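Chemist: Handing you a structure now.
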Amino acid sequence: MMSWWHDITFENRWAFWLLLVPLVSLIAYIVIEFMSRSEVHLSSARFLRGLKRPGLLYLRHFVFGLRLLAMALIVLVVARPQSRTEWKKVTGEGIDIVLCIDVSPSMLAKDFKPNRLEVAKDAAIDFVDNRFNDRIGTVIFSGEAFTLSPLTIDHSVLKTQLAGISVGELDQGTAIGMGLAKAVERIKDSKAKSKVVILLTDGVNNAGALAPANAGEVAKAFDVKVYTIGVGTNGKALTPVSMTPNGQYQYAYQDVDIDEETLTEIAELTGGKYFRATNREALEKIYGEIDRLEKTVFDSRQHAQRKEEFLPFAVLAAFLLLLEYVLRNTWLVSLT
């Protein structure tokens with residue numbers, strides 16, 4: 001309650017001078033009451049026993065108090081109390097980002113729990129949650145590349161699409177160059193202050209008509225910064241190696257082979273950085289670091305919104321006046 005009252009301002013402060021009216025009325029009432037008193041000495045008070053109890057006589061003071069309080073509340077209403085809510089309007093240029101995610105079958109490897117792809121999706125969704133000022137799009141790739149979502153500020157839809165990513169929707173293989181080229185294609189004409197691609201893969205380029213290094217050159221030509229992430233543990237991982245006739249993957253331990261050299265060259269060529277994620281925690285930290293590296297400075301302006309708050313005071317004043325009227329015309333009718 002106290003914090004609410006601290007936020008109250010009054011549009012018509014001059015109205016508080018009207019509080020002199022109930023104050024003068026109170027002083028006049030006290031003076032009249034004092035001057036009207038007189039002492040009468042009686043030898044016996046038996047004949048007063050049938051009269052109203054003295055407590056009822058004091059009720060008229062209470063009724064007068066109700067009127068004074070109602071008058072004070074009416075003054076508050078005239079003063080127009082208002083609550084003020086402040087907020088900051090953020091202005092500035094955002095960053096356009098394309099998430100380029102490998103969806104080849106090897107992303108189902110179980111060195112991450114439950115697998116690499118699910119962890120990558122969770123980390124990407126968390127990243128999107130922290131980039132509320134930016135347009136973000138998604139490209140997925142395996143043996144070919146596909147635009148899952150163009151650049152958008154509708155992050156709720158984007159996160160739904162990220163959550164629905166699965167393996168097997170595209171041709172098999174790992175076309176890193178094609179994935180990066182598709183991501184650059186989606187962002188190259190952007191007018192944003194900064195254009196960024198975050199490329200995540202767990203393998204070596206073995207498909208597609210465009211080599212990763214050439215795709216990196218294309219990214220540099222369009223001033224697109226590329227952050228590359230290699231996903232996979234060191235050593236061996238339980239990885240899909242074949243599929244049964246009923247569509248189930250069969251797993252075996254395979255060496256984790258990531259083309260870190262090429263991923264590093266692409267990142268350095270475009271002004272980005274290469275990261276290696278060997279577990280969920282490392283991947284989450286990598287996205288957190290990219291989030292910090294790609295922060296945009298925004299100008300902010302202070303604004304205030306005001307809301308009229310006189311209604312409770314007006315209702316209470318009306319109630320007090322009604323209560324006074326009822327008391328004066330019922331219990332106190334014999335005293336007037």
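Ordering of the structure tokens sets the chain letters (A, B, ...); residue numbers start at 1 within each chain; ligands are numbered from 1 in the order shown.
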Skip Gly288 (chain A) itself and residues of its chain fewer than 3 positions away, then list as a PyMOL selection string all residues within 10 Å of it, counting only C-alpha atoms.
Modeler: chain A and resi 123+126-127+130+282-285+291-293
Chemist: Which residues come within 7 Å of Val75 (chain A), counting only C-alpha atoms, excluding same-chain residues fewer than 3 positions away, as a short mmCIF file (atom, residue, chain, number, x, y, z; two decimals) with N, CA and C atoms, in the first residue's frame?
Modeler:
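This went into part21.cif:
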```
data_model
loop_
_atom_site.label_atom_id
_atom_site.label_comp_id
_atom_site.auth_asym_id
_atom_site.auth_seq_id
_atom_site.Cartn_x
_atom_site.Cartn_y
_atom_site.Cartn_z
N ALA A 15 -6.40 22.23 -5.41
CA ALA A 15 -7.64 21.78 -4.77
C ALA A 15 -7.46 21.55 -3.27
N PHE A 16 -6.23 21.34 -2.83
CA PHE A 16 -6.02 21.09 -1.40
C PHE A 16 -6.36 22.32 -0.55
N LEU A 18 -9.06 23.68 -0.70
CA LEU A 18 -10.46 23.45 -0.33
C LEU A 18 -10.59 22.70 0.99
N LEU A 19 -9.49 22.12 1.48
CA LEU A 19 -9.53 21.45 2.78
C LEU A 19 -9.81 22.46 3.91
N MET A 71 -16.23 15.27 3.00
CA MET A 71 -15.78 16.51 2.37
C MET A 71 -14.30 16.43 2.00
N ALA A 72 -13.48 15.85 2.90
CA ALA A 72 -12.04 15.73 2.62
C ALA A 72 -11.81 14.80 1.43
N VAL A 78 -11.32 16.03 -6.40
CA VAL A 78 -11.09 17.22 -7.22
C VAL A 78 -9.60 17.39 -7.54
N ALA A 79 -8.72 16.96 -6.60
CA ALA A 79 -7.28 17.07 -6.82
C ALA A 79 -6.77 16.10 -7.88
#
```
Chemist: At a cut-off of 9 Å, using only C-alpha atoms, what residues contact region 158-164 of chain A? Leave out same-chain residues fewer than 5 positions from it and give the result as a ChimeraX atom specification.
Modeler: /A:118,121-122,124-125,128-129,136-138,148-149,152-153
Chemist: Can you list every residue in region 94-290 of chain A that DSSP puts in helix (DSSP H, G or I), as a compact mmCIF listing (two decimals) with N, CA and C atoms, in the first residue's frame?
Modeler:
```txt
# COMPACT_ATOMS: atom_id res chain seq x y z
N PRO A 105 22.25 -37.51 -39.67
CA PRO A 105 22.00 -38.57 -38.68
C PRO A 105 23.01 -38.63 -37.55
N SER A 106 24.24 -38.22 -37.80
CA SER A 106 25.24 -38.26 -36.72
C SER A 106 24.89 -37.34 -35.56
N MET A 107 23.99 -36.38 -35.79
CA MET A 107 23.56 -35.49 -34.70
C MET A 107 22.71 -36.23 -33.66
N LEU A 108 22.38 -37.49 -33.94
CA LEU A 108 21.67 -38.31 -32.96
C LEU A 108 22.63 -39.06 -32.04
N ARG A 116 22.92 -35.16 -29.48
CA ARG A 116 23.48 -33.86 -29.85
C ARG A 116 22.40 -32.90 -30.36
N LEU A 117 21.49 -33.40 -31.17
CA LEU A 117 20.51 -32.52 -31.79
C LEU A 117 19.58 -31.90 -30.76
N GLU A 118 19.09 -32.70 -29.81
CA GLU A 118 18.18 -32.17 -28.80
C GLU A 118 18.87 -31.11 -27.94
N VAL A 119 20.12 -31.35 -27.60
CA VAL A 119 20.86 -30.36 -26.81
C VAL A 119 21.09 -29.09 -27.63
N ALA A 120 21.40 -29.26 -28.91
CA ALA A 120 21.61 -28.09 -29.78
C ALA A 120 20.33 -27.27 -29.90
N LYS A 121 19.20 -27.95 -30.01
CA LYS A 121 17.91 -27.25 -30.10
C LYS A 121 17.62 -26.48 -28.82
N ASP A 122 17.84 -27.11 -27.67
CA ASP A 122 17.59 -26.43 -26.39
C ASP A 122 18.47 -25.20 -26.24
N ALA A 123 19.75 -25.33 -26.60
CA ALA A 123 20.67 -24.19 -26.48
C ALA A 123 20.28 -23.06 -27.42
N ALA A 124 19.83 -23.42 -28.63
CA ALA A 124 19.41 -22.39 -29.59
C ALA A 124 18.17 -21.65 -29.11
N ILE A 125 17.23 -22.37 -28.53
CA ILE A 125 16.01 -21.75 -28.02
C ILE A 125 16.34 -20.80 -26.87
N ASP A 126 17.23 -21.21 -25.98
CA ASP A 126 17.66 -20.32 -24.90
C ASP A 126 18.33 -19.07 -25.45
N PHE A 127 19.12 -19.24 -26.49
CA PHE A 127 19.79 -18.11 -27.12
C PHE A 127 18.77 -17.13 -27.69
N VAL A 128 17.76 -17.65 -28.37
CA VAL A 128 16.71 -16.80 -28.95
C VAL A 128 16.00 -16.01 -27.86
N ASP A 129 15.76 -16.63 -26.70
CA ASP A 129 15.09 -15.95 -25.59
C ASP A 129 15.85 -14.71 -25.14
N HIS A 155 9.64 -14.40 -32.24
CA HIS A 155 10.46 -15.45 -31.64
C HIS A 155 9.65 -16.63 -31.13
N SER A 156 8.38 -16.44 -30.81
CA SER A 156 7.57 -17.56 -30.35
C SER A 156 7.40 -18.60 -31.45
N VAL A 157 7.14 -18.13 -32.67
CA VAL A 157 7.03 -19.04 -33.81
C VAL A 157 8.38 -19.68 -34.11
N LEU A 158 9.43 -18.88 -34.03
CA LEU A 158 10.77 -19.38 -34.31
C LEU A 158 11.13 -20.51 -33.34
N LYS A 159 10.84 -20.33 -32.06
CA LYS A 159 11.17 -21.36 -31.08
C LYS A 159 10.36 -22.63 -31.30
N THR A 160 9.12 -22.48 -31.73
CA THR A 160 8.31 -23.66 -32.05
C THR A 160 8.94 -24.44 -33.21
N GLN A 161 9.43 -23.72 -34.22
CA GLN A 161 10.06 -24.38 -35.35
C GLN A 161 11.37 -25.05 -34.95
N LEU A 162 12.14 -24.39 -34.09
CA LEU A 162 13.38 -24.99 -33.60
C LEU A 162 13.10 -26.28 -32.84
N ALA A 163 12.08 -26.25 -32.00
CA ALA A 163 11.75 -27.42 -31.20
C ALA A 163 11.32 -28.59 -32.07
N ILE A 176 28.30 -28.86 -45.33
CA ILE A 176 28.56 -27.65 -44.54
C ILE A 176 28.60 -26.43 -45.44
N GLY A 177 29.25 -26.54 -46.59
CA GLY A 177 29.33 -25.40 -47.51
C GLY A 177 27.97 -24.95 -47.99
N MET A 178 27.11 -25.90 -48.32
CA MET A 178 25.77 -25.54 -48.78
C MET A 178 24.94 -24.92 -47.65
N GLY A 179 25.09 -25.43 -46.44
CA GLY A 179 24.37 -24.87 -45.31
C GLY A 179 24.77 -23.43 -45.06
N LEU A 180 26.09 -23.16 -45.08
CA LEU A 180 26.57 -21.80 -44.84
C LEU A 180 26.14 -20.88 -45.97
N ALA A 181 26.21 -21.36 -47.21
CA ALA A 181 25.81 -20.53 -48.36
C ALA A 181 24.33 -20.16 -48.27
N LYS A 182 23.50 -21.11 -47.86
CA LYS A 182 22.06 -20.83 -47.72
C LYS A 182 21.83 -19.79 -46.63
N ALA A 183 22.57 -19.90 -45.53
CA ALA A 183 22.42 -18.92 -44.44
C ALA A 183 22.84 -17.53 -44.89
N VAL A 184 23.94 -17.45 -45.65
CA VAL A 184 24.39 -16.15 -46.18
C VAL A 184 23.36 -15.58 -47.14
N GLU A 185 22.77 -16.44 -47.94
CA GLU A 185 21.74 -16.00 -48.89
C GLU A 185 20.56 -15.36 -48.16
N ARG A 186 20.20 -15.89 -46.99
CA ARG A 186 19.06 -15.37 -46.24
C ARG A 186 19.36 -14.04 -45.55
N ILE A 187 20.64 -13.72 -45.37
CA ILE A 187 20.97 -12.55 -44.56
C ILE A 187 21.75 -11.49 -45.34
N PRO A 212 33.16 -25.69 -48.03
CA PRO A 212 32.99 -24.76 -46.90
C PRO A 212 33.86 -23.52 -47.01
N ALA A 213 35.11 -23.68 -47.44
CA ALA A 213 36.01 -22.52 -47.54
C ALA A 213 35.46 -21.50 -48.54
N ASN A 214 34.90 -21.99 -49.65
CA ASN A 214 34.33 -21.08 -50.63
C ASN A 214 33.09 -20.37 -50.08
N ALA A 215 32.30 -21.09 -49.31
CA ALA A 215 31.14 -20.46 -48.67
C ALA A 215 31.59 -19.39 -47.69
N GLY A 216 32.72 -19.63 -47.02
CA GLY A 216 33.28 -18.62 -46.13
C GLY A 216 33.67 -17.36 -46.87
N GLU A 217 34.22 -17.52 -48.07
CA GLU A 217 34.58 -16.36 -48.90
C GLU A 217 33.33 -15.57 -49.28
N VAL A 218 32.26 -16.28 -49.58
CA VAL A 218 30.99 -15.61 -49.91
C VAL A 218 30.49 -14.81 -48.71
N ALA A 219 30.59 -15.41 -47.53
CA ALA A 219 30.16 -14.72 -46.31
C ALA A 219 30.97 -13.45 -46.09
N LYS A 220 32.28 -13.54 -46.29
CA LYS A 220 33.14 -12.36 -46.13
C LYS A 220 32.77 -11.28 -47.13
N ALA A 221 32.45 -11.66 -48.35
CA ALA A 221 32.12 -10.69 -49.40
C ALA A 221 30.87 -9.90 -49.05
N GLU A 260 37.79 -29.27 -37.64
CA GLU A 260 38.01 -28.05 -36.86
C GLU A 260 38.87 -27.04 -37.60
N GLU A 261 39.77 -27.52 -38.40
CA GLU A 261 40.64 -26.60 -39.14
C GLU A 261 39.83 -25.72 -40.09
N THR A 262 38.94 -26.35 -40.85
CA THR A 262 38.13 -25.56 -41.79
C THR A 262 37.17 -24.63 -41.05
N LEU A 263 36.56 -25.13 -39.98
CA LEU A 263 35.63 -24.29 -39.21
C LEU A 263 36.35 -23.08 -38.61
N THR A 264 37.59 -23.30 -38.17
CA THR A 264 38.38 -22.19 -37.61
C THR A 264 38.72 -21.18 -38.70
N GLU A 265 39.08 -21.66 -39.88
CA GLU A 265 39.43 -20.76 -40.99
C GLU A 265 38.23 -19.90 -41.39
N ILE A 266 37.05 -20.50 -41.45
CA ILE A 266 35.85 -19.74 -41.83
C ILE A 266 35.57 -18.65 -40.80
N ALA A 267 35.67 -19.02 -39.53
CA ALA A 267 35.40 -18.05 -38.46
C ALA A 267 36.39 -16.89 -38.51
N GLU A 268 37.68 -17.21 -38.63
CA GLU A 268 38.70 -16.16 -38.64
C GLU A 268 38.60 -15.29 -39.89
N LEU A 269 38.25 -15.90 -41.00
CA LEU A 269 38.12 -15.16 -42.27
C LEU A 269 37.02 -14.10 -42.19
N THR A 270 35.95 -14.40 -41.49
CA THR A 270 34.79 -13.50 -41.45
C THR A 270 34.73 -12.64 -40.18
N ARG A 280 26.87 -30.67 -22.95
CA ARG A 280 25.77 -29.70 -22.91
C ARG A 280 26.21 -28.39 -22.28
N GLU A 281 26.91 -28.47 -21.14
CA GLU A 281 27.30 -27.25 -20.43
C GLU A 281 28.21 -26.38 -21.29
N ALA A 282 29.13 -27.03 -22.02
CA ALA A 282 30.04 -26.26 -22.89
C ALA A 282 29.27 -25.56 -24.00
N LEU A 283 28.29 -26.25 -24.58
CA LEU A 283 27.52 -25.63 -25.66
C LEU A 283 26.71 -24.45 -25.14
N GLU A 284 26.12 -24.59 -23.98
CA GLU A 284 25.37 -23.48 -23.40
C GLU A 284 26.27 -22.28 -23.13
N LYS A 285 27.49 -22.53 -22.66
CA LYS A 285 28.43 -21.44 -22.41
C LYS A 285 28.85 -20.77 -23.71
N ILE A 286 28.98 -21.56 -24.77
CA ILE A 286 29.36 -21.00 -26.07
C ILE A 286 28.29 -20.04 -26.57
N TYR A 287 27.04 -20.47 -26.51
CA TYR A 287 25.96 -19.57 -26.92
C TYR A 287 25.92 -18.33 -26.04
N GLY A 288 26.20 -18.50 -24.75
CA GLY A 288 26.25 -17.36 -23.85
C GLY A 288 27.36 -16.38 -24.22
N GLU A 289 28.52 -16.92 -24.63
CA GLU A 289 29.62 -16.05 -25.04
C GLU A 289 29.29 -15.32 -26.33
N ILE A 290 28.69 -16.02 -27.29
CA ILE A 290 28.29 -15.36 -28.53
C ILE A 290 27.27 -14.26 -28.24
```
Chemist: Give the strand (DSSP E) residues of region 96-242 of chain A, as DSSP finds them on the backbone, and put them as a ChimeraX atom specification.
Modeler: /A:96-102,135-141,145-152,194-201,225-231,236-242
Chemist: Looking at only C-alpha atoms, which of A:Thr174, A:Gln254, A:Asn234, A:Thr239 is the one that sits closest to Asp102 (chain A)?
Modeler: A:Thr174
Chemist: Please, which residues in region 58-159 of chain A fall within 12 Å of region 21-28 of chain A when counting only C-alpha atoms, and what is the closest atom pair and distance in Å to one decimal for each, ordered by chain then residue number, as CSV?
Modeler:
```
residue,atom,partner,partner_atom,distance
A:His61,CA,A:Leu26,CA,10.6
A:Phe64,CA,A:Leu26,CA,8.8
A:Gly65,CA,A:Leu26,CA,8.6
A:Leu66,CA,A:Pro22,CA,11.0
A:Arg67,CA,A:Pro22,CA,8.6
A:Leu68,CA,A:Pro22,CA,5.6
A:Leu69,CA,A:Pro22,CA,8.2
A:Ala70,CA,A:Pro22,CA,9.3
A:Met71,CA,A:Pro22,CA,6.4
A:Ala72,CA,A:Pro22,CA,6.9
A:Leu73,CA,A:Pro22,CA,10.5
A:Ile74,CA,A:Pro22,CA,10.6
A:Val75,CA,A:Val21,CA,9.7
```
Chemist: Please write the residues from the selection above to a file, keeping N, CA and C atoms, as a tab-separated table (two decimals), in the first residue's frame.
Modeler:
```
chain	number	residue	atom	x	y	z
A	61	HIS	N	-22.17	13.60	16.98
A	61	HIS	CA	-20.79	14.02	16.70
A	61	HIS	C	-20.15	13.10	15.66
A	64	PHE	N	-21.43	13.99	12.27
A	64	PHE	CA	-20.76	15.18	11.75
A	64	PHE	C	-19.35	14.83	11.26
A	65	GLY	N	-18.69	13.91	11.97
A	65	GLY	CA	-17.37	13.45	11.53
A	65	GLY	C	-17.43	12.78	10.18
A	66	LEU	N	-18.50	12.02	9.95
A	66	LEU	CA	-18.68	11.39	8.64
A	66	LEU	C	-18.74	12.43	7.54
A	67	ARG	N	-19.46	13.51	7.81
A	67	ARG	CA	-19.58	14.57	6.81
A	67	ARG	C	-18.23	15.22	6.52
A	68	LEU	N	-17.48	15.49	7.59
A	68	LEU	CA	-16.16	16.09	7.40
A	68	LEU	C	-15.25	15.19	6.56
A	69	LEU	N	-15.26	13.89	6.90
A	69	LEU	CA	-14.41	12.96	6.16
A	69	LEU	C	-14.84	12.87	4.70
A	70	ALA	N	-16.14	12.89	4.45
A	70	ALA	CA	-16.63	12.87	3.08
A	70	ALA	C	-16.18	14.12	2.32
A	71	MET	N	-16.23	15.27	3.00
A	71	MET	CA	-15.78	16.51	2.37
A	71	MET	C	-14.30	16.43	2.00
A	72	ALA	N	-13.48	15.85	2.90
A	72	ALA	CA	-12.04	15.73	2.62
A	72	ALA	C	-11.81	14.80	1.43
A	73	LEU	N	-12.57	13.73	1.35
A	73	LEU	CA	-12.43	12.81	0.23
A	73	LEU	C	-12.84	13.46	-1.09
A	74	ILE	N	-13.87	14.30	-1.05
A	74	ILE	CA	-14.28	15.02	-2.26
A	74	ILE	C	-13.17	15.95	-2.73
A	75	VAL	N	-12.47	16.56	-1.78
A	75	VAL	CA	-11.33	17.40	-2.15
A	75	VAL	C	-10.26	16.57	-2.86
```
Chemist: From the options A:Leu320, A:Ala109, A:Leu170, A:Val98, which residue's atoms come nearest to Thr233 (chain A), counting only C-alpha atoms?
Modeler: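 Closest residue, counting only C-alpha atoms: A:Ala109.
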Chemist: Just to confirm, what's the straight-line distance from CA of Cys100 (chain A) to CA of Gly208 (chain A) in Å (one decimal)?
Modeler: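 Atom-to-atom, CA of Cys100 (chain A) and CA of Gly208 (chain A) are spaced 15.3 Å apart.
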Chemist: I'd like the contact shell of Lys295 (chain A) - 12 Å cut-off, only C-alpha atoms, skipping same-chain residues fewer than 3 positions apart - returned as a ChimeraX atom specification.
Modeler: /A:92-97,130-134,193-194,196,288-292,298
